[in-house]
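Everything below belongs to data_39.cif, which stores mmCIF, C-alpha atoms.
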```
data_run
#
loop_
_atom_site.label_atom_id
_atom_site.label_comp_id
_atom_site.auth_asym_id
_atom_site.auth_seq_id
_atom_site.Cartn_x
_atom_site.Cartn_y
_atom_site.Cartn_z
CA MET W 88 25.69 -1.45 -27.85
CA GLU W 89 26.89 -4.77 -26.57
CA LEU W 90 25.51 -6.28 -23.40
CA SER W 91 27.81 -9.07 -22.20
CA HIS W 92 25.97 -10.65 -19.27
CA ILE W 93 23.54 -10.08 -16.41
CA GLU W 94 25.67 -8.12 -13.96
CA HIS W 95 23.17 -8.40 -11.13
CA ILE W 96 19.55 -8.82 -10.12
CA GLY W 97 18.23 -6.43 -7.47
CA ILE W 98 15.76 -7.92 -4.99
CA ALA W 99 13.77 -5.76 -2.57
CA VAL W 100 13.37 -7.23 0.93
CA ASN W 101 11.93 -6.00 4.20
CA ASN W 102 14.66 -7.41 6.38
CA LEU W 103 18.17 -7.97 5.06
CA GLU W 104 19.25 -10.29 7.85
CA GLU W 105 16.32 -12.69 7.39
CA ALA W 106 16.70 -12.69 3.63
CA ILE W 107 20.46 -13.34 3.85
CA ALA W 108 19.73 -16.33 6.11
CA TYR W 109 17.36 -17.74 3.47
CA TYR W 110 19.81 -17.34 0.58
CA GLU W 111 22.65 -18.83 2.63
CA ASP W 112 20.98 -21.59 4.63
CA THR W 113 18.32 -22.70 2.16
CA LEU W 114 19.82 -21.97 -1.27
CA GLY W 115 23.44 -22.50 -0.25
CA LEU W 116 24.79 -19.18 -1.58
CA LYS W 117 27.33 -17.09 0.30
CA CYS W 118 26.93 -13.41 1.15
CA TYR W 119 30.34 -11.88 0.39
CA ALA W 120 29.65 -8.20 1.13
CA ILE W 121 27.22 -5.82 2.76
CA GLU W 122 27.29 -2.19 1.67
CA GLU W 123 25.18 0.87 2.36
CA VAL W 124 24.41 3.01 -0.71
CA THR W 125 23.27 6.27 0.89
CA ASP W 126 22.42 7.78 -2.48
CA GLN W 127 19.77 5.09 -3.04
CA LYS W 128 18.75 4.87 0.63
CA VAL W 129 19.47 1.16 0.77
CA LYS W 130 21.59 -1.37 2.54
CA THR W 131 22.64 -4.12 0.12
CA ALA W 132 23.89 -7.68 0.52
CA PHE W 133 25.77 -9.35 -2.33
CA PHE W 134 25.89 -12.98 -3.46
CA LYS W 135 27.63 -14.36 -6.53
CA ILE W 136 26.19 -17.11 -8.69
CA GLY W 137 28.03 -17.82 -11.94
CA GLN W 138 28.53 -14.53 -13.81
CA THR W 139 25.75 -12.80 -11.92
CA LYS W 140 25.30 -11.19 -8.53
CA LEU W 141 22.18 -11.16 -6.46
CA GLU W 142 21.84 -7.82 -4.70
CA LEU W 143 19.38 -7.86 -1.81
CA LEU W 144 18.09 -4.37 -1.04
CA GLU W 145 16.66 -3.20 2.28
CA SER W 146 15.49 0.39 2.43
CA THR W 147 17.09 2.60 5.07
CA ASP W 148 14.37 5.24 4.70
CA PRO W 149 10.56 4.79 4.53
CA GLU W 150 10.54 7.39 1.73
CA GLY W 151 13.30 5.69 -0.28
CA PRO W 152 12.66 4.07 -3.70
CA VAL W 153 12.90 0.50 -2.39
CA ALA W 154 10.49 1.21 0.48
CA LYS W 155 8.05 2.71 -2.04
CA PHE W 156 8.43 -0.30 -4.32
CA ILE W 157 7.64 -2.74 -1.49
CA GLU W 158 4.68 -0.62 -0.35
CA LYS W 159 3.20 -0.83 -3.84
CA ARG W 160 4.18 -4.31 -5.04
CA GLY W 161 5.48 -6.24 -2.04
CA GLN W 162 8.91 -7.80 -1.66
CA GLY W 163 10.42 -9.27 -4.82
CA ILE W 164 12.61 -8.70 -7.84
CA HIS W 165 13.24 -4.98 -8.16
CA HIS W 166 15.56 -4.50 -11.13
CA LEU W 167 17.73 -6.16 -13.73
CA ALA W 168 21.25 -4.91 -14.47
CA PHE W 169 23.11 -5.57 -17.71
CA ALA W 170 26.89 -5.26 -17.99
CA THR W 171 28.01 -3.12 -20.90
CA LYS W 172 31.12 -1.42 -22.23
CA GLY W 173 30.99 2.30 -23.00
CA ILE W 174 28.01 3.11 -20.81
CA GLU W 175 27.87 6.74 -22.00
CA SER W 176 27.39 5.79 -25.64
CA ALA W 177 25.01 2.97 -24.67
CA LEU W 178 22.82 5.52 -22.88
CA GLU W 179 22.86 7.82 -25.89
CA GLU W 180 21.94 4.93 -28.13
CA VAL W 181 18.91 3.79 -26.10
CA ALA W 182 17.75 7.41 -25.64
CA ASP W 183 17.95 7.90 -29.43
CA LYS W 184 15.73 4.84 -29.79
CA GLY W 185 13.08 6.43 -27.57
CA VAL W 186 13.88 5.01 -24.13
CA ARG W 187 13.25 7.38 -21.24
CA LEU W 188 16.32 7.62 -19.00
CA ILE W 189 16.14 7.94 -15.23
CA ASP W 190 19.86 8.81 -15.23
CA LYS W 191 20.97 10.89 -18.20
CA GLN W 192 24.58 10.47 -17.11
CA PRO W 193 26.15 7.50 -15.36
CA ARG W 194 26.69 7.83 -11.62
CA LYS W 195 28.52 5.71 -9.05
CA GLY W 196 26.63 2.71 -7.73
CA ALA W 197 27.45 -0.12 -5.35
CA GLU W 198 30.89 -1.74 -5.71
CA GLY W 199 32.21 1.33 -7.54
CA LEU W 200 30.44 0.58 -10.82
CA ASP W 201 29.23 3.27 -13.20
CA ILE W 202 25.50 2.79 -13.44
CA ALA W 203 22.39 4.31 -14.99
CA PHE W 204 18.74 3.33 -14.86
CA LEU W 205 16.24 3.22 -17.72
CA HIS W 206 12.62 3.99 -16.94
CA PRO W 207 10.34 0.92 -16.70
CA LYS W 208 7.66 2.73 -18.71
CA SER W 209 10.03 2.44 -21.71
CA THR W 210 11.23 -1.09 -21.03
CA PHE W 211 8.03 -3.13 -20.77
CA GLY W 212 7.84 -2.82 -17.00
CA VAL W 213 11.40 -3.93 -16.18
CA LEU W 214 13.40 -1.39 -14.17
CA THR W 215 16.60 -1.78 -16.18
CA GLU W 216 20.10 -0.79 -15.18
CA LEU W 217 23.14 -0.54 -17.39
CA CYS W 218 26.47 -0.82 -15.64
CA GLU W 219 30.14 -0.79 -16.43
CA ASP W 220 33.08 -1.72 -14.28
CA LYS W 221 35.73 0.75 -15.45
CA ASN W 222 38.29 -0.82 -13.14
CA LYS W 223 38.35 -3.91 -15.34
CA MET Q 936 22.41 -28.23 -3.06
CA GLU Q 937 24.59 -26.43 -5.53
CA LEU Q 938 23.22 -23.69 -7.73
CA SER Q 939 25.63 -23.02 -10.59
CA HIS Q 940 24.20 -19.97 -12.37
CA ILE Q 941 21.07 -18.04 -13.24
CA GLU Q 942 19.52 -20.25 -15.92
CA HIS Q 943 16.93 -17.68 -16.94
CA ILE Q 944 14.85 -14.69 -15.92
CA GLY Q 945 11.15 -14.81 -16.81
CA ILE Q 946 9.60 -11.50 -17.85
CA ALA Q 947 5.82 -11.08 -18.24
CA VAL Q 948 4.76 -8.95 -21.20
CA ASN Q 949 1.45 -8.04 -22.81
CA ASN Q 950 2.63 -8.39 -26.37
CA LEU Q 951 5.47 -10.70 -27.29
CA GLU Q 952 6.12 -9.15 -30.69
CA GLU Q 953 6.51 -5.61 -29.34
CA ALA Q 954 8.71 -6.77 -26.48
CA ILE Q 955 10.93 -8.82 -28.84
CA ALA Q 956 11.37 -5.70 -30.99
CA TYR Q 957 12.54 -3.74 -27.93
CA TYR Q 958 15.05 -6.38 -26.78
CA GLU Q 959 16.39 -6.79 -30.33
CA ASP Q 960 16.37 -3.26 -31.72
CA THR Q 961 17.09 -1.27 -28.56
CA LEU Q 962 19.18 -3.62 -26.41
CA GLY Q 963 20.84 -5.46 -29.30
CA LEU Q 964 19.98 -9.00 -28.13
CA LYS Q 965 18.83 -11.73 -30.51
CA CYS Q 966 15.69 -13.81 -30.11
CA TYR Q 967 16.77 -17.37 -30.94
CA ALA Q 968 13.54 -19.27 -30.29
CA ILE Q 969 9.83 -18.89 -29.73
CA GLU Q 970 7.98 -21.71 -28.02
CA GLU Q 971 4.47 -22.25 -26.73
CA VAL Q 972 4.26 -23.93 -23.31
CA THR Q 973 0.62 -25.05 -23.21
CA ASP Q 974 0.96 -26.33 -19.67
CA GLN Q 975 1.75 -22.79 -18.44
CA LYS Q 976 -0.57 -21.07 -20.93
CA VAL Q 977 2.23 -18.93 -22.32
CA LYS Q 978 4.09 -18.20 -25.49
CA THR Q 979 7.76 -17.59 -24.75
CA ALA Q 980 10.60 -15.87 -26.61
CA PHE Q 981 14.21 -16.66 -25.69
CA PHE Q 982 17.33 -14.51 -25.70
CA LYS Q 983 20.79 -15.46 -24.47
CA ILE Q 984 23.08 -13.09 -22.62
CA GLY Q 985 26.21 -14.64 -21.12
CA GLN Q 986 25.23 -17.72 -19.09
CA THR Q 987 21.65 -16.58 -18.73
CA LYS Q 988 18.52 -16.57 -20.86
CA LEU Q 989 15.81 -13.97 -20.85
CA GLU Q 990 12.44 -15.63 -21.30
CA LEU Q 991 9.69 -13.25 -22.35
CA LEU Q 992 6.25 -14.60 -21.45
CA GLU Q 993 2.96 -13.66 -23.09
CA SER Q 994 -0.14 -15.31 -21.73
CA THR Q 995 -2.24 -17.30 -24.20
CA ASP Q 996 -5.21 -17.36 -21.81
CA PRO Q 997 -6.74 -14.52 -19.75
CA GLU Q 998 -7.02 -16.96 -16.83
CA GLY Q 999 -3.40 -18.14 -17.07
CA PRO Q 1000 -0.80 -17.41 -14.37
CA VAL Q 1001 1.05 -14.79 -16.42
CA ALA Q 1002 -2.18 -12.94 -17.28
CA LYS Q 1003 -3.09 -12.95 -13.57
CA PHE Q 1004 0.37 -11.67 -12.66
CA ILE Q 1005 0.11 -8.75 -15.11
CA GLU Q 1006 -3.42 -7.95 -13.95
CA LYS Q 1007 -2.17 -7.63 -10.38
CA ARG Q 1008 1.32 -6.14 -10.78
CA GLY Q 1009 1.69 -4.98 -14.37
CA GLN Q 1010 4.28 -6.13 -16.86
CA GLY Q 1011 7.72 -6.90 -15.47
CA ILE Q 1012 10.05 -9.52 -14.06
CA HIS Q 1013 8.01 -12.61 -13.25
CA HIS Q 1014 10.44 -15.23 -11.94
CA LEU Q 1015 14.04 -16.17 -11.38
CA ALA Q 1016 15.37 -19.60 -12.36
CA PHE Q 1017 18.49 -21.19 -10.89
CA ALA Q 1018 20.35 -24.02 -12.60
CA THR Q 1019 20.99 -26.97 -10.33
CA LYS Q 1020 22.11 -30.59 -10.51
CA GLY Q 1021 19.96 -33.26 -8.93
CA ILE Q 1022 16.72 -31.29 -8.91
CA GLU Q 1023 14.82 -34.00 -7.00
CA SER Q 1024 17.17 -33.87 -4.02
CA ALA Q 1025 17.36 -30.07 -4.22
CA LEU Q 1026 13.57 -29.93 -3.89
CA GLU Q 1027 13.64 -32.30 -0.92
CA GLU Q 1028 16.32 -30.18 0.70
CA VAL Q 1029 14.48 -26.85 0.39
CA ALA Q 1030 11.21 -28.47 1.50
CA ASP Q 1031 12.99 -29.86 4.59
CA LYS Q 1032 14.13 -26.32 5.33
CA GLY Q 1033 10.54 -25.08 5.33
CA VAL Q 1034 10.07 -23.82 1.78
CA ARG Q 1035 6.59 -24.35 0.34
CA LEU Q 1036 6.79 -26.06 -3.05
CA ILE Q 1037 4.49 -25.25 -5.95
CA ASP Q 1038 5.77 -28.37 -7.72
CA LYS Q 1039 6.49 -31.27 -5.41
CA GLN Q 1040 8.03 -33.18 -8.31
CA PRO Q 1041 9.91 -31.75 -11.28
CA ARG Q 1042 7.97 -31.44 -14.52
CA LYS Q 1043 8.95 -30.60 -18.10
CA GLY Q 1044 9.35 -26.91 -18.86
CA ALA Q 1045 10.42 -24.94 -21.91
CA GLU Q 1046 13.43 -26.24 -23.86
CA GLY Q 1047 12.99 -29.72 -22.34
CA LEU Q 1048 14.35 -28.76 -18.91
CA ASP Q 1049 13.20 -30.40 -15.70
CA ILE Q 1050 11.75 -27.58 -13.62
CA ALA Q 1051 9.98 -26.90 -10.34
CA PHE Q 1052 8.72 -23.70 -8.72
CA LEU Q 1053 9.06 -22.63 -5.10
CA HIS Q 1054 6.28 -20.52 -3.62
CA PRO Q 1055 7.10 -16.78 -3.34
CA LYS Q 1056 5.58 -16.71 0.16
CA SER Q 1057 8.56 -18.83 1.26
CA THR Q 1058 11.20 -17.03 -0.78
CA PHE Q 1059 10.85 -13.38 0.21
CA GLY Q 1060 8.53 -12.56 -2.66
CA VAL Q 1061 10.64 -14.01 -5.47
CA LEU Q 1062 8.86 -16.65 -7.57
CA THR Q 1063 11.81 -19.03 -7.74
CA GLU Q 1064 12.37 -21.86 -10.18
CA LEU Q 1065 14.92 -24.63 -9.96
CA CYS Q 1066 15.86 -26.27 -13.22
CA GLU Q 1067 18.10 -28.96 -14.54
CA ASP Q 1068 19.09 -29.80 -18.07
CA LYS Q 1069 19.37 -33.59 -17.96
CA ASN Q 1070 20.50 -33.68 -21.57
CA LYS Q 1071 23.80 -32.11 -20.59
#
```

Please lay out the structure from this file as structure tokens.
Amino acid sequence: MELSHIEHIGIAVNNLEEAIAYYEDTLGLKCYAIEEVTDQKVKTAFFKIGQTKLELLESTDPEGPVAKFIEKRGQGIHHLAFATKGIESALEEVADKGVRLIDKQPRKGAEGLDIAFLHPKSTFGVLTELCEDKNK
Amino acid sequence: MELSHIEHIGIAVNNLEEAIAYYEDTLGLKCYAIEEVTDQKVKTAFFKIGQTKLELLESTDPEGPVAKFIEKRGQGIHHLAFATKGIESALEEVADKGVRLIDKQPRKGAEGLDIAFLHPKSTFGVLTELCEDKNK
């Protein structure tokens, strides 16, 4: 498996609008897209910095995974996504090495990427996402 | 202020050796350095992926900030570090915009970088570090 770069960092926030204002006005980044991912019950805002995106996540449902995360741990960094090639074989490889998969098969995530999550119990507490842009 | 890329992502772990084995054997990354930062009461292991480093952090002191973090929230992503130029003026700028600074002046961090932390209460829960490599 070859991981090429950090594709994005997911950050759980209570209020997307307020968080966007902070990243734009204080840190000088530019929000280039807002997208709702109904599957994950989130509204996301994207920023690009070098090779990596920041993906702010506001829950659209009090029972959604991001709402539950904030309830338990507060706002903050939610997950780390690595870009890979051949996501299916990468998933097989990590599963063979004992990692528990949240997604046994890749599914469609934000921006049309193929994505799959690894369980934080197997990854030293880091909710880890693999993703591949098959349009590239 | 111009942030150019994600310089590193700090990840708090209980046991550096076990976590290094996971990042090397399962994710295929390569640990290129281990360094003790006595100031922060941590031992750190570095990996490079694209423009960004992963910095695994094991506390060397049960009263240290990383030990306290793990006690409260468990192992996981600890902080996010942005590369900037002119760290002193960047700090002034964010402070002027209402961000609470943990470090009012830059200090020396791992790998000889000039670093300063912003308080997560001002940054939507993300412990945020600015850093500059003045040797470049």

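Compared by their closest atoms to Ser91 in chain W, and using only C-alpha atoms, the residues Q:Leu962, Q:Leu1065, Q:Ala956, Q:Val972 rank with Q:Leu962 nearest.
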
Given all atoms listed in the file as the counted atoms, nearest of W:Ile136, W:Ala177, W:Ala203, W:Ala168 to chain Q
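Going through W:Ile136, W:Ala177, W:Ala203, W:Ala168 one by one, the smallest distance to chain Q is for W:Ile136.
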
Interface rows for chain Q against chain W: nearest pair, Å to one decimal, 10 Å, all atoms listed in the file, as JSON lines:
```
{"residue": "Q:Met936", "atom": "CA", "partner": "W:Gly115", "partner_atom": "CA", "distance": 6.5}
{"residue": "Q:Glu937", "atom": "CA", "partner": "W:Gly115", "partner_atom": "CA", "distance": 6.7}
{"residue": "Q:Leu938", "atom": "CA", "partner": "W:Ile136", "partner_atom": "CA", "distance": 7.3}
{"residue": "Q:Ser939", "atom": "CA", "partner": "W:Gly137", "partner_atom": "CA", "distance": 5.9}
{"residue": "Q:His940", "atom": "CA", "partner": "W:Gly137", "partner_atom": "CA", "distance": 4.4}
{"residue": "Q:Ile941", "atom": "CA", "partner": "W:Ile136", "partner_atom": "CA", "distance": 6.9}
{"residue": "Q:Glu942", "atom": "CA", "partner": "W:Gly137", "partner_atom": "CA", "distance": 9.7}
{"residue": "Q:Ile944", "atom": "CA", "partner": "W:Leu167", "partner_atom": "CA", "distance": 9.3}
{"residue": "Q:Ile946", "atom": "CA", "partner": "W:Val213", "partner_atom": "CA", "distance": 8.0}
{"residue": "Q:Ala947", "atom": "CA", "partner": "W:Gly212", "partner_atom": "CA", "distance": 8.6}
{"residue": "Q:Val948", "atom": "CA", "partner": "W:Phe211", "partner_atom": "CA", "distance": 6.7}
{"residue": "Q:Asn949", "atom": "CA", "partner": "W:Phe211", "partner_atom": "CA", "distance": 8.5}
{"residue": "Q:Asn950", "atom": "CA", "partner": "W:Phe211", "partner_atom": "CA", "distance": 9.4}
{"residue": "Q:Glu953", "atom": "CA", "partner": "W:Phe211", "partner_atom": "CA", "distance": 9.1}
{"residue": "Q:Ala954", "atom": "CA", "partner": "W:Phe211", "partner_atom": "CA", "distance": 6.8}
{"residue": "Q:Tyr957", "atom": "CA", "partner": "W:Thr210", "partner_atom": "CA", "distance": 7.5}
{"residue": "Q:Tyr958", "atom": "CA", "partner": "W:Thr210", "partner_atom": "CA", "distance": 8.7}
{"residue": "Q:Asp960", "atom": "CA", "partner": "W:Lys184", "partner_atom": "CA", "distance": 8.4}
{"residue": "Q:Thr961", "atom": "CA", "partner": "W:Val181", "partner_atom": "CA", "distance": 5.9}
{"residue": "Q:Leu962", "atom": "CA", "partner": "W:Met88", "partner_atom": "CA", "distance": 7.0}
{"residue": "Q:Gly963", "atom": "CA", "partner": "W:Met88", "partner_atom": "CA", "distance": 6.5}
{"residue": "Q:Leu964", "atom": "CA", "partner": "W:Leu90", "partner_atom": "CA", "distance": 7.8}
{"residue": "Q:Lys983", "atom": "CA", "partner": "W:His92", "partner_atom": "CA", "distance": 8.8}
{"residue": "Q:Ile984", "atom": "CA", "partner": "W:His92", "partner_atom": "CA", "distance": 5.1}
{"residue": "Q:Gly985", "atom": "CA", "partner": "W:His92", "partner_atom": "CA", "distance": 4.4}
{"residue": "Q:Gln986", "atom": "CA", "partner": "W:Gln138", "partner_atom": "CA", "distance": 7.0}
{"residue": "Q:Thr987", "atom": "CA", "partner": "W:Ile93", "partner_atom": "CA", "distance": 7.2}
{"residue": "Q:Lys988", "atom": "CA", "partner": "W:Ile93", "partner_atom": "CA", "distance": 9.3}
{"residue": "Q:Leu989", "atom": "CA", "partner": "W:Ile93", "partner_atom": "CA", "distance": 9.7}
{"residue": "Q:Ile1005", "atom": "CA", "partner": "W:Gly212", "partner_atom": "CA", "distance": 9.9}
{"residue": "Q:Lys1007", "atom": "CA", "partner": "W:Arg160", "partner_atom": "CA", "distance": 8.9}
{"residue": "Q:Arg1008", "atom": "CA", "partner": "W:Arg160", "partner_atom": "CA", "distance": 6.7}
{"residue": "Q:Gly1009", "atom": "CA", "partner": "W:Gly212", "partner_atom": "CA", "distance": 7.0}
{"residue": "Q:Gln1010", "atom": "CA", "partner": "W:Gly212", "partner_atom": "CA", "distance": 4.9}
{"residue": "Q:Gly1011", "atom": "CA", "partner": "W:Gly212", "partner_atom": "CA", "distance": 4.4}
{"residue": "Q:Ile1012", "atom": "CA", "partner": "W:Val213", "partner_atom": "CA", "distance": 6.1}
{"residue": "Q:His1013", "atom": "CA", "partner": "W:Ile164", "partner_atom": "CA", "distance": 8.1}
{"residue": "Q:His1014", "atom": "CA", "partner": "W:Ile164", "partner_atom": "CA", "distance": 8.0}
{"residue": "Q:Leu1015", "atom": "CA", "partner": "W:Ile164", "partner_atom": "CA", "distance": 8.4}
{"residue": "Q:Phe1017", "atom": "CA", "partner": "W:Ile136", "partner_atom": "CA", "distance": 9.0}
{"residue": "Q:Ala1018", "atom": "CA", "partner": "W:Ile136", "partner_atom": "CA", "distance": 9.9}
{"residue": "Q:Ala1025", "atom": "CA", "partner": "W:Leu114", "partner_atom": "CA", "distance": 9.0}
{"residue": "Q:Glu1028", "atom": "CA", "partner": "W:Thr113", "partner_atom": "CA", "distance": 7.9}
{"residue": "Q:Val1029", "atom": "CA", "partner": "W:Thr113", "partner_atom": "CA", "distance": 5.9}
{"residue": "Q:Ala1030", "atom": "CA", "partner": "W:Thr113", "partner_atom": "CA", "distance": 9.2}
{"residue": "Q:Asp1031", "atom": "CA", "partner": "W:Thr113", "partner_atom": "CA", "distance": 9.3}
{"residue": "Q:Lys1032", "atom": "CA", "partner": "W:Thr113", "partner_atom": "CA", "distance": 6.4}
{"residue": "Q:Gly1033", "atom": "CA", "partner": "W:Thr113", "partner_atom": "CA", "distance": 8.7}
{"residue": "Q:Val1034", "atom": "CA", "partner": "W:Thr113", "partner_atom": "CA", "distance": 8.3}
{"residue": "Q:Pro1055", "atom": "CA", "partner": "W:Gly163", "partner_atom": "CA", "distance": 8.3}
{"residue": "Q:Lys1056", "atom": "CA", "partner": "W:Gln162", "partner_atom": "CA", "distance": 9.7}
{"residue": "Q:Ser1057", "atom": "CA", "partner": "W:Tyr109", "partner_atom": "CA", "distance": 9.1}
{"residue": "Q:Thr1058", "atom": "CA", "partner": "W:Tyr109", "partner_atom": "CA", "distance": 7.5}
{"residue": "Q:Phe1059", "atom": "CA", "partner": "W:Gln162", "partner_atom": "CA", "distance": 6.2}
{"residue": "Q:Gly1060", "atom": "CA", "partner": "W:Gly163", "partner_atom": "CA", "distance": 4.4}
{"residue": "Q:Val1061", "atom": "CA", "partner": "W:Gly163", "partner_atom": "CA", "distance": 4.8}
{"residue": "Q:Leu1062", "atom": "CA", "partner": "W:Gly163", "partner_atom": "CA", "distance": 8.0}
```

Can you work out the spacing between CA of Glu970 in chain Q and CA of Lys1020 in chain Q in Å, to one decimal?
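We find that CA of Glu970 in chain Q and CA of Lys1020 in chain Q lie 24.2 Å from each other.
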
Kindly indicate which residue among Q:Pro1000, Q:His1054, Q:Gln975, Q:Phe981 lies nearest to Arg1042 in chain Q, using only C-alpha atoms for the distances.
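Ranked by minimum distance to Arg1042 in chain Q, first place goes to Q:Gln975.
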
Record the distance separating CA of Lys117 in chain W and CA of Ala197 in chain W, expressed in Å with one decimal.
17.9 Å

Could you list, as a list in words, every residue matched by the PyMOL selection byres ((chain W and resi 145-150) around 6) in this structure?
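Applying the PyMOL selection byres ((chain W and resi 145-150) around 6) to the structure shown produces Val100, Asn101, Leu103, Lys128, Val129, Lys130, Leu144, Gly151, Val153 and Ala154 of chain W.
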
Got a sec to resolve the PyMOL selection byres ((chain Q and resi 1071) around 12) on this structure and send the residues as a VMD selection string?
chain Q and resid 1018 to 1020 1047 to 1049 1067 to 1070

Selection under test: the PyMOL selection byres ((chain W and resi 121) around 6); residues as number ranges by chain
W: 120, 122, 131-132

Write out the residues from the selection above, keeping C-alpha atoms, as a CSV table (one decimal), keeping the file's coordinate frame.
```csv
chain,number,residue,atom,x,y,z
W,120,ALA,CA,29.6,-8.2,1.1
W,122,GLU,CA,27.3,-2.2,1.7
W,131,THR,CA,22.6,-4.1,0.1
W,132,ALA,CA,23.9,-7.7,0.5
```
